[in-house]
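**Student:** Just protein-v3.cif, nothing more (mmCIF, C-alpha atoms):
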data_run
#
loop_
_atom_site.label_atom_id
_atom_site.label_comp_id
_atom_site.auth_asym_id
_atom_site.auth_seq_id
_atom_site.Cartn_x
_atom_site.Cartn_y
_atom_site.Cartn_z
CA MET A 10 -0.80 16.91 -7.62
CA ALA A 11 -1.44 16.55 -11.36
CA LEU A 12 -4.21 13.97 -11.61
CA GLU A 13 -5.92 14.90 -14.89
CA HIS A 14 -4.67 11.66 -16.44
CA LEU A 15 -6.73 9.71 -13.92
CA MET A 16 -10.10 10.73 -15.36
CA PRO A 17 -11.32 7.82 -17.49
CA THR A 18 -13.30 8.16 -20.68
CA ALA A 19 -17.05 8.38 -20.11
CA PRO A 20 -18.04 4.81 -21.07
CA GLU A 21 -15.89 3.38 -18.27
CA TRP A 22 -17.92 4.81 -15.42
CA THR A 23 -20.98 6.84 -16.42
CA ASN A 24 -23.04 3.66 -16.84
CA GLN A 25 -22.69 2.97 -13.10
CA ARG A 26 -23.58 5.29 -10.25
CA PRO A 27 -20.73 6.84 -8.26
CA LEU A 28 -19.94 5.13 -4.98
CA ARG A 29 -20.06 6.83 -1.58
CA ILE A 30 -16.96 5.76 0.35
CA ALA A 31 -15.85 6.44 3.91
CA MET A 32 -12.05 6.25 3.91
CA VAL A 33 -10.46 5.89 7.34
CA ALA A 34 -6.75 6.77 7.41
CA PRO A 35 -4.35 6.02 10.28
CA PRO A 36 -4.06 8.90 12.79
CA TRP A 37 -0.28 9.20 12.86
CA PHE A 38 0.43 11.52 9.91
CA GLU A 39 -1.56 13.98 7.84
CA LEU A 40 -2.54 13.18 4.26
CA PRO A 41 -0.51 13.35 2.15
CA PRO A 42 2.41 12.95 4.57
CA VAL A 43 5.26 15.43 4.44
CA GLY A 44 7.97 12.87 5.19
CA TYR A 45 7.62 9.31 6.40
CA GLY A 46 4.19 7.72 6.00
CA GLY A 47 3.95 4.85 3.56
CA ILE A 48 0.35 3.86 4.29
CA GLU A 49 -0.70 7.51 4.40
CA SER A 50 0.80 8.09 0.95
CA VAL A 51 -1.16 5.18 -0.50
CA VAL A 52 -4.39 6.31 1.13
CA ALA A 53 -3.98 9.91 -0.05
CA ASP A 54 -3.32 8.80 -3.62
CA LEU A 55 -6.26 6.38 -3.54
CA VAL A 56 -8.61 9.10 -2.32
CA ASP A 57 -7.56 11.46 -5.12
CA ALA A 58 -7.79 8.74 -7.76
CA LEU A 59 -11.28 7.70 -6.64
CA VAL A 60 -12.53 11.30 -6.62
CA ALA A 61 -11.08 11.77 -10.10
CA ARG A 62 -13.15 8.76 -11.21
CA GLY A 63 -16.32 10.44 -9.98
CA HIS A 64 -16.79 8.85 -6.56
CA GLU A 65 -17.76 10.66 -3.34
CA VAL A 66 -15.18 10.19 -0.58
CA THR A 67 -15.39 11.15 3.08
CA LEU A 68 -11.93 11.03 4.62
CA VAL A 69 -11.43 10.44 8.35
CA GLY A 70 -7.94 11.45 9.45
CA ALA A 71 -5.73 13.73 11.52
CA GLY A 72 -4.21 17.15 10.91
CA ARG A 73 -4.89 18.91 7.64
CA ASN A 74 -6.58 17.39 4.62
CA GLY A 75 -4.42 17.72 1.52
CA THR A 76 -6.50 15.33 -0.58
CA ARG A 77 -9.42 15.86 -2.94
CA ALA A 78 -11.91 14.20 -0.59
CA GLN A 79 -15.24 16.04 -0.70
CA ARG A 80 -15.66 15.73 3.09
CA PHE A 81 -13.12 15.52 5.88
CA VAL A 82 -13.63 14.38 9.47
CA GLN A 83 -10.71 15.57 11.61
CA VAL A 84 -10.09 13.44 14.69
CA PHE A 85 -6.88 15.10 15.92
CA PRO A 86 -6.05 18.75 15.07
CA GLU A 87 -2.40 17.69 15.01
CA PRO A 88 -1.36 14.10 14.20
CA PRO A 89 0.02 12.36 17.32
CA SER A 90 3.17 11.33 15.48
CA GLN A 91 5.34 11.40 18.59
CA ARG A 92 3.07 8.82 20.21
CA LEU A 93 3.41 6.34 17.36
CA GLY A 94 3.40 2.88 18.92
CA GLU A 95 1.06 3.80 21.79
CA ALA A 96 -2.39 2.22 21.84
CA MET A 97 -4.62 5.05 23.03
CA PRO A 98 -4.37 7.44 20.04
CA GLU A 99 -5.31 4.58 17.73
CA VAL A 100 -8.23 3.54 19.95
CA LEU A 101 -9.53 7.11 20.22
CA HIS A 102 -9.24 7.49 16.47
CA ALA A 103 -11.19 4.26 15.86
CA ALA A 104 -13.98 5.31 18.24
CA ALA A 105 -14.28 8.77 16.70
CA ALA A 106 -14.26 7.35 13.18
CA ALA A 107 -16.98 4.83 14.01
CA ARG A 108 -19.16 7.54 15.53
CA ALA A 109 -18.72 9.77 12.47
CA ILE A 110 -19.46 6.94 10.06
CA GLU A 111 -22.74 6.14 11.87
CA GLY A 112 -24.12 9.46 10.65
CA LEU A 113 -23.00 9.06 7.04
CA ASP A 114 -24.96 7.65 4.12
CA VAL A 115 -22.19 5.58 2.51
CA ASP A 116 -21.99 2.41 0.45
CA LEU A 117 -18.94 1.06 2.25
CA VAL A 118 -16.15 1.81 4.69
CA HIS A 119 -12.50 1.34 3.75
CA ASP A 120 -10.47 1.20 6.96
CA HIS A 121 -6.66 1.35 6.90
CA CYS A 122 -6.18 1.32 10.68
CA CYS A 123 -5.39 -1.36 13.23
CA ALA A 124 -8.13 -0.88 15.83
CA GLY A 125 -10.90 0.37 13.53
CA PRO A 126 -11.89 -3.01 12.07
CA LEU A 127 -12.90 -4.15 15.57
CA LEU A 128 -16.00 -1.99 15.16
CA ALA A 129 -17.02 -3.42 11.78
CA ARG A 130 -19.14 -6.27 13.12
CA GLY A 131 -22.82 -5.40 12.91
CA ARG A 132 -22.22 -2.45 10.56
CA ARG A 133 -24.89 -2.24 7.85
CA THR A 134 -22.34 -1.51 5.13
CA PRO A 135 -19.29 -3.60 4.12
CA THR A 136 -15.96 -2.77 5.72
CA VAL A 137 -12.96 -3.20 3.43
CA VAL A 138 -9.59 -3.56 5.15
CA THR A 139 -6.29 -3.42 3.30
CA ALA A 140 -3.61 -5.63 4.85
CA HIS A 141 -0.73 -3.16 4.67
CA GLY A 142 1.64 -5.26 6.79
CA PRO A 143 2.21 -8.81 7.98
CA VAL A 144 -0.67 -11.30 7.93
CA THR A 145 0.94 -14.00 10.06
CA GLY A 146 1.51 -14.32 13.81
CA GLU A 147 -0.65 -12.17 16.05
CA VAL A 148 -1.80 -9.97 13.18
CA GLY A 149 -2.96 -13.03 11.28
CA ASP A 150 -4.83 -14.23 14.38
CA TYR A 151 -6.45 -10.79 14.62
CA TYR A 152 -7.74 -10.93 11.04
CA ARG A 153 -8.92 -14.50 11.59
CA TYR A 154 -10.95 -13.51 14.66
CA LEU A 155 -12.51 -10.66 12.71
CA GLY A 156 -13.67 -13.24 10.18
CA ASP A 157 -16.27 -12.13 7.70
CA SER A 158 -17.00 -8.89 9.56
CA ILE A 159 -14.32 -7.41 7.28
CA GLU A 160 -13.46 -7.83 3.59
CA LEU A 161 -9.68 -8.22 3.40
CA VAL A 162 -7.61 -6.99 0.44
CA ALA A 163 -4.04 -8.16 -0.14
CA ILE A 164 -1.38 -5.85 -1.56
CA SER A 165 0.51 -8.73 -3.20
CA ASP A 166 -0.05 -12.35 -4.13
CA ALA A 167 2.91 -13.25 -1.93
CA GLN A 168 1.18 -11.71 1.08
CA ARG A 169 -2.01 -13.66 0.45
CA ARG A 170 -0.15 -16.95 0.10
CA LEU A 171 1.27 -16.53 3.61
CA ASN A 172 -2.21 -16.91 5.12
CA PRO A 173 -4.65 -18.09 2.42
CA ASP A 174 -7.48 -18.96 4.83
CA LEU A 175 -8.28 -15.36 5.78
CA ASN A 176 -11.37 -13.66 4.35
CA TRP A 177 -9.62 -12.34 1.25
CA VAL A 178 -11.77 -10.63 -1.38
CA GLY A 179 -9.02 -9.56 -3.77
CA ARG A 180 -5.50 -8.37 -4.40
CA VAL A 181 -4.67 -4.79 -5.40
CA HIS A 182 -1.03 -3.81 -5.76
CA ASN A 183 0.00 -0.50 -4.25
CA ALA A 184 0.69 2.35 -6.66
CA ILE A 185 2.05 5.87 -6.97
CA ASP A 186 1.30 8.96 -9.06
CA VAL A 187 4.05 8.30 -11.57
CA GLY A 188 3.83 11.79 -13.04
CA THR A 189 5.09 13.31 -9.76
CA PHE A 190 8.35 11.36 -9.90
CA PRO A 191 11.15 12.92 -12.00
CA TYR A 192 12.60 10.72 -14.73
CA ARG A 193 16.36 10.82 -15.36
CA GLU A 194 18.45 8.79 -17.76
CA ASP A 195 21.76 10.28 -16.64
CA LYS A 196 22.73 9.02 -13.20
CA ASP A 197 25.11 10.20 -10.51
CA ASP A 198 27.93 8.19 -8.93
CA TYR A 199 26.03 6.48 -6.10
CA VAL A 200 23.65 3.65 -5.35
CA LEU A 201 20.84 4.15 -2.86
CA PHE A 202 19.29 2.53 0.19
CA LEU A 203 16.06 4.17 1.34
CA GLY A 204 13.87 2.77 4.10
CA ARG A 205 13.43 2.17 7.79
CA PHE A 206 16.51 1.18 9.76
CA ASN A 207 15.61 -2.32 10.77
CA PRO A 208 17.55 -5.58 10.36
CA ASP A 209 14.75 -6.94 8.15
CA LYS A 210 15.34 -4.11 5.67
CA GLY A 211 19.02 -5.00 5.40
CA ALA A 212 20.70 -1.58 5.28
CA HIS A 213 23.94 -3.14 6.60
CA LEU A 214 23.82 -5.70 3.78
CA ALA A 215 23.32 -2.91 1.25
CA ILE A 216 26.46 -1.14 2.49
CA ASP A 217 28.52 -4.33 2.36
CA ALA A 218 27.32 -5.20 -1.15
CA ALA A 219 27.88 -1.69 -2.52
CA ARG A 220 31.38 -1.60 -1.03
CA ARG A 221 32.26 -4.95 -2.61
CA ALA A 222 30.91 -3.65 -5.92
CA GLY A 223 33.14 -0.59 -5.66
CA ARG A 224 30.18 1.77 -5.59
CA ARG A 225 29.43 4.65 -3.23
CA ILE A 226 26.17 4.23 -1.34
CA VAL A 227 23.85 6.89 0.07
CA LEU A 228 21.46 5.89 2.83
CA ALA A 229 18.30 7.73 3.82
CA GLY A 230 15.43 6.78 6.07
CA LYS A 231 13.45 7.04 9.25
CA LEU A 232 15.51 6.96 12.45
CA ASN A 233 13.50 7.98 15.52
CA GLU A 234 12.27 4.86 17.34
CA ALA A 235 14.47 3.22 19.98
CA ALA A 236 14.86 -0.04 18.03
CA GLU A 237 15.85 1.85 14.89
CA LYS A 238 18.48 3.86 16.76
CA ALA A 239 19.90 0.74 18.41
CA TYR A 240 20.24 -1.03 15.06
CA PHE A 241 21.78 2.05 13.45
CA GLU A 242 24.40 2.42 16.17
CA ALA A 243 25.26 -1.29 16.16
CA GLU A 244 25.31 -2.03 12.44
CA ILE A 245 25.23 1.14 10.35
CA ARG A 246 27.37 3.79 11.99
CA PRO A 247 30.46 1.53 12.15
CA ARG A 248 30.12 0.95 8.40
CA LEU A 249 29.84 4.63 7.38
CA GLY A 250 32.73 6.31 5.61
CA ARG A 251 33.64 8.19 2.45
CA ASP A 252 31.86 5.55 0.35
CA ALA A 253 28.85 5.15 2.64
CA GLU A 254 26.92 8.25 3.73
CA TYR A 255 23.76 8.65 5.79
CA VAL A 256 21.83 11.78 4.77
CA GLY A 257 18.88 11.60 7.22
CA GLU A 258 15.18 11.07 6.70
CA ALA A 259 14.13 12.13 3.22
CA ASP A 260 11.00 14.22 2.68
CA ALA A 261 8.99 13.95 -0.54
CA THR A 262 11.26 16.31 -2.48
CA THR A 263 14.57 14.89 -1.25
CA LYS A 264 13.35 11.34 -1.82
CA ARG A 265 12.62 12.06 -5.47
CA GLU A 266 16.00 13.70 -5.96
CA LEU A 267 17.77 10.69 -4.44
CA PHE A 268 15.78 8.17 -6.48
CA SER A 269 16.28 9.94 -9.79
CA GLY A 270 20.03 10.37 -9.33
CA ALA A 271 20.87 6.84 -8.14
CA ARG A 272 22.35 4.19 -10.39
CA CYS A 273 20.21 1.62 -8.63
CA LEU A 274 18.21 1.04 -5.48
CA VAL A 275 19.65 -1.71 -3.28
CA PHE A 276 16.81 -3.54 -1.52
CA PRO A 277 18.24 -6.57 0.34
CA ILE A 278 15.18 -7.36 2.45
CA GLN A 279 15.35 -10.22 4.92
CA TRP A 280 11.63 -10.80 5.47
CA GLU A 281 8.50 -11.44 3.42
CA GLU A 282 7.92 -7.80 2.47
CA PRO A 283 4.21 -7.44 1.55
CA PHE A 284 4.96 -4.81 -1.09
CA GLY A 285 7.81 -2.28 -0.85
CA MET A 286 6.83 1.16 -2.15
CA VAL A 287 10.44 2.26 -2.61
CA MET A 288 10.85 -0.22 -5.45
CA ILE A 289 8.17 1.36 -7.65
CA GLU A 290 9.23 4.87 -6.63
CA ALA A 291 12.79 4.16 -7.77
CA MET A 292 11.75 2.56 -11.04
CA ALA A 293 9.39 5.48 -11.78
CA CYS A 294 12.50 7.68 -11.74
CA GLY A 295 14.24 5.38 -14.23
CA THR A 296 16.30 3.70 -11.50
CA PRO A 297 16.54 -0.12 -11.48
CA VAL A 298 16.18 -2.19 -8.31
CA VAL A 299 18.54 -4.88 -7.05
CA ALA A 300 16.71 -6.93 -4.43
CA THR A 301 16.57 -10.27 -2.67
CA ARG A 302 13.85 -12.73 -3.63
CA ARG A 303 11.57 -12.23 -0.65
CA GLY A 304 7.90 -11.32 -0.41
CA SER A 305 6.51 -9.28 -3.28
CA VAL A 306 9.86 -8.58 -4.97
CA PRO A 307 9.33 -10.99 -7.92
CA GLU A 308 5.88 -9.43 -8.54
CA VAL A 309 7.22 -5.89 -8.59
CA VAL A 310 10.64 -6.11 -10.28
CA ALA A 311 10.90 -7.48 -13.82
CA ASP A 312 14.09 -9.52 -13.39
CA GLY A 313 16.71 -8.60 -15.99
CA GLU A 314 14.62 -5.72 -17.33
CA THR A 315 13.90 -3.27 -14.51
CA GLY A 316 16.37 -4.70 -12.01
CA TYR A 317 17.66 -7.97 -10.64
CA VAL A 318 16.17 -10.42 -8.15
CA VAL A 319 18.84 -12.45 -6.37
CA ASP A 320 18.60 -15.65 -4.35
CA ASP A 321 22.06 -15.39 -2.81
CA LEU A 322 23.51 -12.35 -1.06
CA GLU A 323 26.83 -13.15 -2.68
CA ASP A 324 25.30 -12.14 -6.03
CA LEU A 325 24.36 -8.64 -4.92
CA PRO A 326 27.65 -6.87 -5.81
CA ALA A 327 27.73 -8.22 -9.38
CA ARG A 328 24.08 -7.33 -9.93
CA ILE A 329 24.62 -3.81 -8.60
CA VAL A 330 27.23 -3.30 -11.31
CA ALA A 331 25.12 -5.02 -13.99
CA ALA A 332 22.09 -2.85 -13.19
CA GLU A 333 23.90 0.15 -14.65
CA GLU A 334 23.32 -1.34 -18.11
CA LEU A 335 19.55 -1.62 -17.75
CA SER A 336 17.21 0.80 -19.51
CA PRO A 337 15.84 3.68 -17.40
CA ALA A 338 12.97 3.99 -19.89
CA ALA A 339 11.98 0.35 -19.33
CA CYS A 340 11.86 0.98 -15.57
CA ARG A 341 9.57 3.98 -16.01
CA ARG A 342 7.33 2.19 -18.49
CA HIS A 343 6.98 -0.84 -16.21
CA VAL A 344 5.69 1.28 -13.33
CA ARG A 345 3.36 3.33 -15.49
CA ASP A 346 1.82 0.15 -16.93
CA HIS A 347 1.42 -1.75 -13.65
CA PHE A 348 1.70 0.56 -10.64
CA ASP A 349 0.23 3.94 -11.62
CA LEU A 350 -2.79 5.39 -9.82
CA PRO A 351 -5.40 4.50 -12.45
CA VAL A 352 -4.50 0.84 -11.94
CA LEU A 353 -4.88 1.24 -8.17
CA ALA A 354 -8.26 2.97 -8.42
CA GLU A 355 -9.63 0.46 -10.92
CA GLY A 356 -8.57 -2.44 -8.73
CA TYR A 357 -10.30 -1.10 -5.64
CA GLU A 358 -13.36 -0.04 -7.59
CA ARG A 359 -13.80 -3.64 -8.76
CA VAL A 360 -13.62 -4.82 -5.15
CA TYR A 361 -16.03 -2.13 -3.96
CA ARG A 362 -18.62 -2.78 -6.65
CA THR A 363 -18.57 -6.53 -6.05
CA LEU A 364 -19.33 -5.99 -2.37
CA VAL A 365 -21.88 -3.20 -2.81
CA GLU A 366 -23.74 -4.86 -5.68
CA GLY A 367 -23.74 -8.17 -3.83
CA ARG A 368 -25.22 -6.50 -0.75
CA GLU A 369 -27.83 -4.69 -2.85
CA LEU A 370 -28.76 -7.97 -4.51
CA LEU A 371 -29.39 -9.55 -1.12
CA ASP A 372 -31.42 -6.58 0.07
CA GLU A 373 -33.74 -6.98 -2.91
CA LEU A 374 -34.61 -10.56 -1.92
CA PRO A 375 -37.85 -10.94 0.08
CA GLU A 376 -36.18 -13.43 2.41
CA ALA A 377 -33.62 -10.80 3.47
CA SER A 378 -36.20 -8.42 4.92
CA ALA A 379 -35.90 -9.98 8.37
CA GLY A 380 -32.18 -9.24 8.55
CA ARG A 381 -30.42 -6.82 6.23
CA GLY A 382 -27.76 -8.53 4.15
CA VAL A 383 -28.42 -12.01 5.60
CA PRO A 384 -29.79 -14.45 3.00
CA ALA A 385 -32.45 -16.82 4.31
CA THR A 386 -32.16 -19.53 1.66
CA PRO A 387 -29.39 -21.46 -0.12
CA ALA A 388 -30.71 -20.03 -3.39
CA ALA A 389 -29.90 -16.51 -2.21
CA ILE A 390 -26.36 -17.56 -1.34
CA THR A 391 -25.87 -19.22 -4.72
CA GLU A 392 -27.11 -16.16 -6.61
CA THR A 393 -24.76 -13.84 -4.75
CA ASP A 394 -21.76 -16.13 -5.17
CA GLU A 395 -22.42 -16.22 -8.91
CA LEU A 396 -22.19 -12.43 -8.98
CA VAL A 397 -18.85 -12.60 -7.16
CA ARG A 398 -17.52 -15.18 -9.63
CA ARG A 399 -18.44 -12.95 -12.57
CA THR A 400 -16.41 -10.03 -11.20
CA ASP A 401 -12.69 -9.85 -11.96
CA LEU A 402 -10.78 -9.11 -8.76
CA GLY A 403 -7.34 -9.93 -10.14
CA ASP A 404 -5.51 -13.17 -10.68
CA LEU A 405 -6.60 -14.78 -7.45
CA PRO A 406 -8.36 -17.98 -6.49
CA GLU A 407 -12.14 -17.80 -6.22
CA ARG A 408 -13.45 -16.29 -3.00
CA PRO A 409 -14.73 -19.06 -0.66
CA THR A 410 -18.49 -19.49 -0.36
CA ARG A 411 -19.89 -18.35 2.94
CA SER A 412 -22.55 -20.29 4.77
#
Would it be possible to restate this file's structure as structure tokens?
**Tutor:**
Amino acid sequence: MALEHLMPTAPEWTNQRPLRIAMVAPPWFELPPVGYGGIESVVADLVDALVARGHEVTLVGAGRNGTRAQRFVQVFPEPPSQRLGEAMPEVLHAAAAARAIEGLDVDLVHDHCCAGPLLARGRRTPTVVTAHGPVTGEVGDYYRYLGDSIELVAISDAQRRLNPDLNWVGRVHNAIDVGTFPYREDKDDYVLFLGRFNPDKGAHLAIDAARRAGRRIVLAGKLNEAAEKAYFEAEIRPRLGRDAEYVGEADATTKRELFSGARCLVFPIQWEEPFGMVMIEAMACGTPVVATRRGSVPEVVADGETGYVVDDLEDLPARIVAAEELSPAACRRHVRDHFDLPVLAEGYERVYRTLVEGRELLDELPEASAGRGVPATPAAITETDELVRRTDLGDLPERPTRS
């Protein structure tokens, strides 16, 4: 992976010491993933971007380590991908990760797993958790019970608004290594749907809209869980034909070929999508996105410039046709400016430093000697909160004061 462009100029980071970060990846796929693995892709890219900025990263994961992490703790020799959805591999992974982290001298832990944050309470270092999925329902209750034992990061403003009372410390949009995505101005004769086969993703709606627009559609995506197969057989297979083709699950190479050749990506989601990596991957290839106004879509797609955001499904066919007139260069530029890896690394570094420097400030106070990181006076709390207020964590409301 070509990451030379991630190294900042010296004044940006040499005046602060490098951070020591324990990065806990989910156990289901190796990093970077060969095929499916959205969270794993983000984690792998974040690790490489942080190392390029001079930080020391210990990665806890499964299978091989394809990242630039200086240290790697392997929990499973082979990722238990076929057991995805079972509880025990995740629990074993969390226990092994916690045991490994106990022996590390790190400034913070960044945990991307489901079960791992359960072990954060009582840890001497902050535990950052990225909310990669829903934050309502049972998952929202889970984060609420964890309370201030974790420092929660949103991946979109839309996600944070769904449950604003959680212990949010910032918002950092997901990102990709734009340089690894091929840019094409000349497009082939198809539009694309790429994603999981689930009613919320709206693959059946994409086929219907493309057909009404008179455009051929190619579909690619993960199809191995029982619910995915049931949906595919009920809603997708009956719609396939000469103008609607399913080509299987796309690996990293095939995905890039499909994105770069498509006239547009059709993204008719039917739920509050927290982010949607396929949108920035498509735009990085110069391919506009036509999507429904749900979740993060208005934050990611520049309406009328890098795609179209529709409120009514009836408008999808017309916008699919209109997207062919949008500038591929504008799509690429938009992603490079807002969703490239340097932006991701800088966002998380701001979060990390706020937490680490705040903890160090408390540790220096005489009153904190009886309990590490626990201020004994209101003055200590006020001083720490002032540090948090002075640190830019993105365009988000001020973090609530803790008592």
**Student:** Pick the closest to Pro351 in chain A from A:Pro42, A:Gly112, A:Pro35, A:Gly188: which is it, counting only C-alpha atoms?
**Tutor:** A:Gly188
**Student:** Apply the PyMOL selection byres ((chain A and resi 286-294) around 7) to the file shown and report the selected residues as an MDAnalysis selection string.
**Tutor:** chainID A and resid 187 190:193 268:269 274 284:285 295:298 340:341 344
**Student:** Any idea what's packed within 8 Å of range 318-321 of chain A, counting all atoms listed in the file, ignoring anything in its chain fewer than 6 positions away? Could you give it as a count of residues only?
**Tutor:** 8
**Student:** Could you expand the PyMOL selection byres ((chain A and resi 275) around 12) into the explicit residues it covers here, written as an MDAnalysis selection string?
**Tutor:** chainID A and resid 199:204 210:220 222 224:229 268 271:274 276:278 287:288 291:292 296:301 316:319 322 325:326 328:330 332
**Student:** Go ahead and save the picked residues with C-alpha atoms, as a PDB file, keeping the file's coordinate frame.
**Tutor:**
ATOM      1  CA  TYR A 199      26.030   6.480  -6.100  1.00  0.00           C
ATOM      2  CA  VAL A 200      23.650   3.650  -5.350  1.00  0.00           C
ATOM      3  CA  LEU A 201      20.840   4.150  -2.860  1.00  0.00           C
ATOM      4  CA  PHE A 202      19.290   2.530   0.190  1.00  0.00           C
ATOM      5  CA  LEU A 203      16.060   4.170   1.340  1.00  0.00           C
ATOM      6  CA  GLY A 204      13.870   2.770   4.100  1.00  0.00           C
ATOM      7  CA  LYS A 210      15.340  -4.110   5.670  1.00  0.00           C
ATOM      8  CA  GLY A 211      19.020  -5.000   5.400  1.00  0.00           C
ATOM      9  CA  ALA A 212      20.700  -1.580   5.280  1.00  0.00           C
ATOM     10  CA  HIS A 213      23.940  -3.140   6.600  1.00  0.00           C
ATOM     11  CA  LEU A 214      23.820  -5.700   3.780  1.00  0.00           C
ATOM     12  CA  ALA A 215      23.320  -2.910   1.250  1.00  0.00           C
ATOM     13  CA  ILE A 216      26.460  -1.140   2.490  1.00  0.00           C
ATOM     14  CA  ASP A 217      28.520  -4.330   2.360  1.00  0.00           C
ATOM     15  CA  ALA A 218      27.320  -5.200  -1.150  1.00  0.00           C
ATOM     16  CA  ALA A 219      27.880  -1.690  -2.520  1.00  0.00           C
ATOM     17  CA  ARG A 220      31.380  -1.600  -1.030  1.00  0.00           C
ATOM     18  CA  ALA A 222      30.910  -3.650  -5.920  1.00  0.00           C
ATOM     19  CA  ARG A 224      30.180   1.770  -5.590  1.00  0.00           C
ATOM     20  CA  ARG A 225      29.430   4.650  -3.230  1.00  0.00           C
ATOM     21  CA  ILE A 226      26.170   4.230  -1.340  1.00  0.00           C
ATOM     22  CA  VAL A 227      23.850   6.890   0.070  1.00  0.00           C
ATOM     23  CA  LEU A 228      21.460   5.890   2.830  1.00  0.00           C
ATOM     24  CA  ALA A 229      18.300   7.730   3.820  1.00  0.00           C
ATOM     25  CA  PHE A 268      15.780   8.170  -6.480  1.00  0.00           C
ATOM     26  CA  ALA A 271      20.870   6.840  -8.140  1.00  0.00           C
ATOM     27  CA  ARG A 272      22.350   4.190 -10.390  1.00  0.00           C
ATOM     28  CA  CYS A 273      20.210   1.620  -8.630  1.00  0.00           C
ATOM     29  CA  LEU A 274      18.210   1.040  -5.480  1.00  0.00           C
ATOM     30  CA  PHE A 276      16.810  -3.540  -1.520  1.00  0.00           C
ATOM     31  CA  PRO A 277      18.240  -6.570   0.340  1.00  0.00           C
ATOM     32  CA  ILE A 278      15.180  -7.360   2.450  1.00  0.00           C
ATOM     33  CA  VAL A 287      10.440   2.260  -2.610  1.00  0.00           C
ATOM     34  CA  MET A 288      10.850  -0.220  -5.450  1.00  0.00           C
ATOM     35  CA  ALA A 291      12.790   4.160  -7.770  1.00  0.00           C
ATOM     36  CA  MET A 292      11.750   2.560 -11.040  1.00  0.00           C
ATOM     37  CA  THR A 296      16.300   3.700 -11.500  1.00  0.00           C
ATOM     38  CA  PRO A 297      16.540  -0.120 -11.480  1.00  0.00           C
ATOM     39  CA  VAL A 298      16.180  -2.190  -8.310  1.00  0.00           C
ATOM     40  CA  VAL A 299      18.540  -4.880  -7.050  1.00  0.00           C
ATOM     41  CA  ALA A 300      16.710  -6.930  -4.430  1.00  0.00           C
ATOM     42  CA  THR A 301      16.570 -10.270  -2.670  1.00  0.00           C
ATOM     43  CA  GLY A 316      16.370  -4.700 -12.010  1.00  0.00           C
ATOM     44  CA  TYR A 317      17.660  -7.970 -10.640  1.00  0.00           C
ATOM     45  CA  VAL A 318      16.170 -10.420  -8.150  1.00  0.00           C
ATOM     46  CA  VAL A 319      18.840 -12.450  -6.370  1.00  0.00           C
ATOM     47  CA  LEU A 322      23.510 -12.350  -1.060  1.00  0.00           C
ATOM     48  CA  LEU A 325      24.360  -8.640  -4.920  1.00  0.00           C
ATOM     49  CA  PRO A 326      27.650  -6.870  -5.810  1.00  0.00           C
ATOM     50  CA  ARG A 328      24.080  -7.330  -9.930  1.00  0.00           C
ATOM     51  CA  ILE A 329      24.620  -3.810  -8.600  1.00  0.00           C
ATOM     52  CA  VAL A 330      27.230  -3.300 -11.310  1.00  0.00           C
ATOM     53  CA  ALA A 332      22.090  -2.850 -13.190  1.00  0.00           C
TER      54      ALA A 332
END
**Student:** Skip Pro88 in chain A itself and residues of its chain fewer than 3 positions away, then list as a PDB file with C-alpha atoms, in the frame of the given file all residues within 7 Å of it, counting all atoms listed in the file.
**Tutor:**
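What landed in out-v3.pdb:
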ATOM      1  CA  PRO A  36      -4.060   8.900  12.790  1.00  0.00           C
ATOM      2  CA  TRP A  37      -0.280   9.200  12.860  1.00  0.00           C
ATOM      3  CA  PHE A  38       0.430  11.520   9.910  1.00  0.00           C
ATOM      4  CA  GLU A  39      -1.560  13.980   7.840  1.00  0.00           C
ATOM      5  CA  ALA A  71      -5.730  13.730  11.520  1.00  0.00           C
ATOM      6  CA  GLY A  72      -4.210  17.150  10.910  1.00  0.00           C
ATOM      7  CA  PHE A  85      -6.880  15.100  15.920  1.00  0.00           C
TER       8      PHE A  85
END
**Student:** Which one is closest to Leu101 in chain A: A:Cys123, A:Ala253, A:Ala53, A:Val181? Count only C-alpha atoms.
**Tutor:**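 Closest residue, counting only C-alpha atoms: A:Cys123.
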**Student:** Need the neighbours of (-23.9, 10.0, 3.9): which residues are at most 9 Å away, counting all atoms listed in the file, as a PyMOL selection string?
**Tutor:** chain A and resi 29-31+67+110-116
**Student:** Suppose you want the space between CA of Val360 in chain A and CA of Arg73 in chain A; what is it in Å?
**Tutor:**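 So the answer is 28.3 Å.
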**Student:** Suppose you want the space between CA of Val56 in chain A and CA of Arg26 in chain A; what is it in Å?
**Tutor:**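 Spanning CA of Val56 in chain A to CA of Arg26 in chain A is a straight-line distance of 17.4 Å.
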**Student:** Take CA of Pro173 in chain A and CA of Glu147 in chain A and report the distance between them in Å, one decimal.
**Tutor:**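 Taking CA of Pro173 in chain A and CA of Glu147 in chain A, their separation equals 15.4 Å.
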**Student:** Which residue, A:Leu353, A:Gly63, A:Thr136, A:Glu314, has the smallest gap to Leu335 in chain A when you use only C-alpha atoms?
**Tutor:** A:Glu314
**Student:** Taking the block above, write range 297-307 of chain A with C-alpha atoms as a compact mmCIF listing (two decimals), in the first residue's frame.
**Tutor:**
# COMPACT_ATOMS: atom_id res chain seq x y z
CA PRO A 297 -21.00 9.44 -8.68
CA VAL A 298 -23.47 8.07 -6.13
CA VAL A 299 -27.26 8.11 -6.36
CA ALA A 300 -28.66 7.44 -2.90
CA THR A 301 -31.66 7.88 -0.65
CA ARG A 302 -31.53 10.51 2.08
CA ARG A 303 -30.95 8.22 5.04
CA GLY A 304 -28.25 8.19 7.70
CA SER A 305 -24.90 9.65 6.69
CA VAL A 306 -25.70 10.03 2.98
CA PRO A 307 -26.08 13.86 3.04
